[in-house]
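Colleague: Just passing along the structure, written as structure tokens.
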Amino acid sequence: MMGTKAKAKRTAPNVPATRLNDMAARLGDRRVQEFVAGARIAHLATADGVGAPHNVPLCYWFDGERIYFAIDEKPKRQTGMALKRMRNIAANPRVAIVIDHYEEDWSQLAYVLIRGHAHVVEGAEEYILAIRHLRDKYLQYRAMSLTPEKNPIVKVEPVSVHAWGTRFKVDSEPSIT
């Protein structure tokens with residue numbers, strides 16, 4: 001499994017259904033889920049309408065299938081939909097998220113790359129659910145007065161997932177005797 005690519009449940013043009021099922025299994029792998037859910041920071045890559053890249057760190061919540069992040073109240077030059085990442089998503093919803101782990105012992109290096117489609121959460125129930133989980137994960141969010149008008153939440157629907165590192169190898173499972 002190390003270094004394998006797979007495709008998501010979501011329909012994608014010219015992708016066989018078996019490959020879509022493989023991605024669902026990959027993101028459903030307990031080791032990948034724990035790695036993604038447990039990490040504190042991810043890096044979001046977007047591109048504008050002409051392909052100019054933009055990359056920012058972000059706090060996020062993983063619901064087991066999708067990634068959610070909020071435009072929070074940390075200091076920024078712009079707010080809400082005026083932020084570069086939000087303008088890029090509006091122009092080009094294809095994004096990539098990298099969640100990585102570094103140690104001086106390079107045998108412990110690992111990352112998960114999720115490519116997907118991003119869009120702003122519209123429904124009130126989904127917005128509230130994401131805020132609740134973000135506040136559970138990041139205590140700083142509890143002190144922020146987040147609203148859909150000022151603080152949109154973005155949902156990333158995975159299209160492909162790539163996990164790399166020895167922790168994701170099939171033979172890294174503890175043996176049961």
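Residue names in the structure tokens use chain letters A, B, ... in the order shown, residue numbers from 1 in each chain, and ligand numbers from 1 in the order shown.
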What's around His101 in chain A at 7 Å? Count only C-alpha atoms, leave out sequence neighbours fewer than 6 positions away in its own chain, and write the answer as a list of chain:residue names.

Modeller: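 What passes the distance filter is A:Leu109, A:Ala110, A:Tyr111.
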
Colleague: Take the residues just selected and output them with C-alpha atoms as an mmCIF file, in the first residue's frame.

Modeller:
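Done, and the output landed in part23.cif:
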data_model
loop_
_atom_site.group_PDB
_atom_site.id
_atom_site.type_symbol
_atom_site.label_atom_id
_atom_site.label_comp_id
_atom_site.auth_asym_id
_atom_site.auth_seq_id
_atom_site.Cartn_x
_atom_site.Cartn_y
_atom_site.Cartn_z
ATOM 1 C CA LEU A 109 8.295 10.327 7.764
ATOM 2 C CA ALA A 110 4.778 10.146 6.357
ATOM 3 C CA TYR A 111 2.224 12.126 4.392
#

Colleague: Which residues of range 110-143 of chain A have any atom within 7 Å of an atom in range 96-100 of chain A when counting only C-alpha atoms, and what is the closest pair of atoms for each, with the distance in Å to one decimal? Order the rows by chain and rising number and write it as a tab-separated table.

Modeller:
residue	atom	partner	partner_atom	distance
A:Ala110	CA	A:Asp100	CA	5.7
A:Tyr111	CA	A:Asp100	CA	4.1
A:Val112	CA	A:Ile99	CA	5.3
A:Leu113	CA	A:Val98	CA	4.6
A:Ile114	CA	A:Ile97	CA	5.1
A:Arg115	CA	A:Ala96	CA	4.3
A:Gly116	CA	A:Ala96	CA	6.3

Colleague: Mind checking DSSP for range 29-171 of chain A and telling me the strand (DSSP E) residues as a ChimeraX atom specification?

Modeller: /A:42-47,53-58,61-62,67-70,94-101,110-120,153-164

Colleague: My list of candidates is A:Phe35, A:Tyr141, A:Phe62, A:Trp106. Which is closest to Pro158 in chain A when distances are computed with only C-alpha atoms?

Modeller: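 Once distances to Pro158 in chain A are computed over only C-alpha atoms, the minimum belongs to A:Phe62.
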
Colleague: Just how far from CA of Leu44 in chain A is CA of Thr166 in chain A, in Å to one decimal?

Modeller: 23.6 Å

Colleague: Leaving out Ser107 in chain A and any residue of its chain fewer than 4 positions from it, which residues lie within 10 Å of it when counting only C-alpha atoms, given as a PDB file with C-alpha atoms, in the first residue's frame?

Modeller:
ATOM      1  CA  TYR A 102       8.330  14.965  10.105  1.00  0.00           C
ATOM      2  CA  GLU A 103      10.881  13.452  12.479  1.00  0.00           C
ATOM      3  CA  GLY A 165       5.297   6.170   4.722  1.00  0.00           C
ATOM      4  CA  THR A 166       6.156   2.937   6.424  1.00  0.00           C
ATOM      5  CA  ARG A 167       3.241   3.382   8.841  1.00  0.00           C
TER       6      ARG A 167
END

Colleague: For Glu157 in chain A, which of A:Ala82, A:Ala143, A:Val56, A:Val120 is the closest residue, counting only C-alpha atoms?

Modeller: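 That would be A:Val120, the residue with the smallest distance to Glu157 in chain A.
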
Colleague: For Lys137 in chain A, please output as a list of chain:residue names all residues within 10 Å (counting only C-alpha atoms; exclusion window: fewer than 6 positions along the same chain).

Modeller: A:Ala37, A:Gly38, A:Arg40, A:Cys59, A:Tyr60, A:Trp61, A:Ile131

Colleague: Determine the nearest neighbour of Lys169 in chain A from the options A:Asp136, A:Phe69, A:Arg94, A:Arg26, counting only C-alpha atoms.

Modeller: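 Nearest candidate to Lys169 in chain A out of A:Asp136, A:Phe69, A:Arg94, A:Arg26: A:Arg26.
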
Colleague: Report, in Å to a single decimal, how far apart CA of Ile71 in chain A and CA of Val50 in chain A are.

Modeller: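 For CA of Val50 in chain A relative to CA of Ile71 in chain A, the distance reads 23.5 Å.
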
Colleague: For the atom pair CA of Gln108 in chain A and CA of Val161 in chain A, what is the interatomic distance in Å to one decimal place?

Modeller: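 One can read the CA of Gln108 in chain A to CA of Val161 in chain A distance as 19.5 Å.
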
Colleague: If you count only C-alpha atoms, which residues fall within 12 Å of Ala124 in chain A, apart from same-chain ones fewer than 5 positions away, as a list in words?

Modeller: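 Result of the neighbour search: Leu129, Ala130, Ile131, Thr147, Pro148, Glu149, Pro152 and Ile153 of chain A.
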
Colleague: Those residues you just picked out, can you put them in a file as a short mmCIF file (atom, residue, chain, number, x, y, z; two decimals), in the first residue's frame with C-alpha atoms?

Modeller:
data_model
loop_
_atom_site.label_atom_id
_atom_site.label_comp_id
_atom_site.auth_asym_id
_atom_site.auth_seq_id
_atom_site.Cartn_x
_atom_site.Cartn_y
_atom_site.Cartn_z
CA LEU A 129 -21.72 20.43 12.72
CA ALA A 130 -18.37 21.47 11.22
CA ILE A 131 -18.00 24.40 13.65
CA THR A 147 -20.71 33.11 11.46
CA PRO A 148 -21.47 31.92 7.93
CA GLU A 149 -21.42 35.52 6.67
CA PRO A 152 -17.33 30.52 5.55
CA ILE A 153 -16.60 26.83 5.95
#

Colleague: Just the helix (DSSP H, G or I) stuff from range 25-162 of chain A, please, per backbone DSSP, written as a VMD selection string.

Modeller: chain A and resid 25 to 28 30 to 38 80 to 82 84 to 91 106 to 108 124 to 137 139 to 143

Colleague: Please produce a file of those selected residues containing C-alpha atoms, as a PDB file, in the first residue's frame.

Modeller:
ATOM      1  CA  ALA A  25     -10.949   1.761   0.785  1.00  0.00           C
ATOM      2  CA  ARG A  26      -7.680   3.749   1.022  1.00  0.00           C
ATOM      3  CA  LEU A  27      -9.269   6.696   2.813  1.00  0.00           C
ATOM      4  CA  GLY A  28     -11.160   4.165   4.938  1.00  0.00           C
ATOM      5  CA  ARG A  30      -7.718   2.799   9.822  1.00  0.00           C
ATOM      6  CA  ARG A  31      -4.070   3.956   9.722  1.00  0.00           C
ATOM      7  CA  VAL A  32      -4.800   6.655   7.143  1.00  0.00           C
ATOM      8  CA  GLN A  33      -7.917   7.808   9.006  1.00  0.00           C
ATOM      9  CA  GLU A  34      -6.060   8.045  12.326  1.00  0.00           C
ATOM     10  CA  PHE A  35      -3.182   9.925  10.704  1.00  0.00           C
ATOM     11  CA  VAL A  36      -5.481  12.439   8.980  1.00  0.00           C
ATOM     12  CA  ALA A  37      -7.832  12.859  11.960  1.00  0.00           C
ATOM     13  CA  GLY A  38      -5.011  13.213  14.490  1.00  0.00           C
ATOM     14  CA  GLY A  80     -14.153  35.753   4.249  1.00  0.00           C
ATOM     15  CA  MET A  81     -14.617  35.288   0.512  1.00  0.00           C
ATOM     16  CA  ALA A  82     -12.045  38.022  -0.264  1.00  0.00           C
ATOM     17  CA  LYS A  84      -6.950  34.496  -1.989  1.00  0.00           C
ATOM     18  CA  ARG A  85      -7.716  30.829  -1.191  1.00  0.00           C
ATOM     19  CA  MET A  86     -11.463  31.561  -1.379  1.00  0.00           C
ATOM     20  CA  ARG A  87     -11.168  33.507  -4.639  1.00  0.00           C
ATOM     21  CA  ASN A  88      -9.117  30.632  -6.051  1.00  0.00           C
ATOM     22  CA  ILE A  89     -11.693  28.033  -4.981  1.00  0.00           C
ATOM     23  CA  ALA A  90     -14.454  30.116  -6.595  1.00  0.00           C
ATOM     24  CA  ALA A  91     -12.459  30.245  -9.856  1.00  0.00           C
ATOM     25  CA  TRP A 106      13.374   9.563   8.507  1.00  0.00           C
ATOM     26  CA  SER A 107      11.918   6.068   8.771  1.00  0.00           C
ATOM     27  CA  GLN A 108       9.017   7.814  10.556  1.00  0.00           C
ATOM     28  CA  ALA A 124     -26.954  25.557   8.307  1.00  0.00           C
ATOM     29  CA  GLU A 125     -26.881  22.067   9.866  1.00  0.00           C
ATOM     30  CA  GLU A 126     -23.651  21.113   8.093  1.00  0.00           C
ATOM     31  CA  TYR A 127     -22.089  24.472   9.019  1.00  0.00           C
ATOM     32  CA  ILE A 128     -22.986  24.030  12.705  1.00  0.00           C
ATOM     33  CA  LEU A 129     -21.717  20.428  12.724  1.00  0.00           C
ATOM     34  CA  ALA A 130     -18.372  21.466  11.223  1.00  0.00           C
ATOM     35  CA  ILE A 131     -17.998  24.399  13.654  1.00  0.00           C
ATOM     36  CA  ARG A 132     -18.758  22.101  16.591  1.00  0.00           C
ATOM     37  CA  HIS A 133     -16.066  19.637  15.537  1.00  0.00           C
ATOM     38  CA  LEU A 134     -13.538  22.358  14.761  1.00  0.00           C
ATOM     39  CA  ARG A 135     -14.140  23.794  18.254  1.00  0.00           C
ATOM     40  CA  ASP A 136     -13.666  20.336  19.764  1.00  0.00           C
ATOM     41  CA  LYS A 137     -10.330  19.927  17.975  1.00  0.00           C
ATOM     42  CA  LEU A 139      -9.784  25.198  21.682  1.00  0.00           C
ATOM     43  CA  GLN A 140      -8.921  28.607  20.179  1.00  0.00           C
ATOM     44  CA  TYR A 141     -12.069  28.371  18.027  1.00  0.00           C
ATOM     45  CA  ARG A 142     -14.235  28.366  21.163  1.00  0.00           C
ATOM     46  CA  ALA A 143     -13.337  32.015  21.800  1.00  0.00           C
TER      47      ALA A 143
END

Colleague: Determine, counting only C-alpha atoms, which protein, DNA and RNA residues have an atom within 7 Å of an atom of Pro93 in chain A; residues of the same chain fewer than 6 positions away are not included. Present the result as a PDB file with C-alpha atoms, in the first residue's frame.

Modeller:
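That gives us around_17.pdb:
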ATOM      1  CA  HIS A 117     -13.136  19.488  -5.141  1.00  0.00           C
ATOM      2  CA  ALA A 118     -13.808  22.288  -2.663  1.00  0.00           C
ATOM      3  CA  HIS A 119     -16.958  24.275  -2.133  1.00  0.00           C
TER       4      HIS A 119
END

Colleague: Name the residues in contact with Gly51 in chain A at a cut-off of 10 Å, using only C-alpha atoms, excluding same-chain residues fewer than 3 positions from it; report them as a PDB file with N, CA and C atoms, in the first residue's frame.

Modeller:
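This went into around35.pdb:
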ATOM      1  N   THR A  46      -4.196  25.705  -3.703  1.00  0.00           N
ATOM      2  CA  THR A  46      -5.230  26.119  -4.649  1.00  0.00           C
ATOM      3  C   THR A  46      -4.533  26.751  -5.845  1.00  0.00           C
ATOM      4  N   ALA A  47      -5.288  26.972  -6.896  1.00  0.00           N
ATOM      5  CA  ALA A  47      -4.770  27.686  -8.063  1.00  0.00           C
ATOM      6  C   ALA A  47      -5.880  28.587  -8.574  1.00  0.00           C
ATOM      7  N   ASP A  48      -5.492  29.746  -9.055  1.00  0.00           N
ATOM      8  CA  ASP A  48      -6.512  30.656  -9.590  1.00  0.00           C
ATOM      9  C   ASP A  48      -6.923  30.215 -10.987  1.00  0.00           C
ATOM     10  N   HIS A  54      -1.179  28.727  -5.034  1.00  0.00           N
ATOM     11  CA  HIS A  54      -1.240  29.391  -3.729  1.00  0.00           C
ATOM     12  C   HIS A  54      -1.292  28.275  -2.692  1.00  0.00           C
ATOM     13  N   ASN A  88      -9.612  31.731  -5.222  1.00  0.00           N
ATOM     14  CA  ASN A  88      -9.117  30.632  -6.051  1.00  0.00           C
ATOM     15  C   ASN A  88     -10.130  29.494  -6.122  1.00  0.00           C
ATOM     16  N   ALA A  91     -12.877  30.296  -8.452  1.00  0.00           N
ATOM     17  CA  ALA A  91     -12.459  30.245  -9.856  1.00  0.00           C
ATOM     18  C   ALA A  91     -12.099  28.836 -10.306  1.00  0.00           C
ATOM     19  N   ASN A  92     -11.603  28.021  -9.372  1.00  0.00           N
ATOM     20  CA  ASN A  92     -11.103  26.687  -9.698  1.00  0.00           C
ATOM     21  C   ASN A  92     -11.249  25.813  -8.445  1.00  0.00           C
TER      22      ASN A  92
END
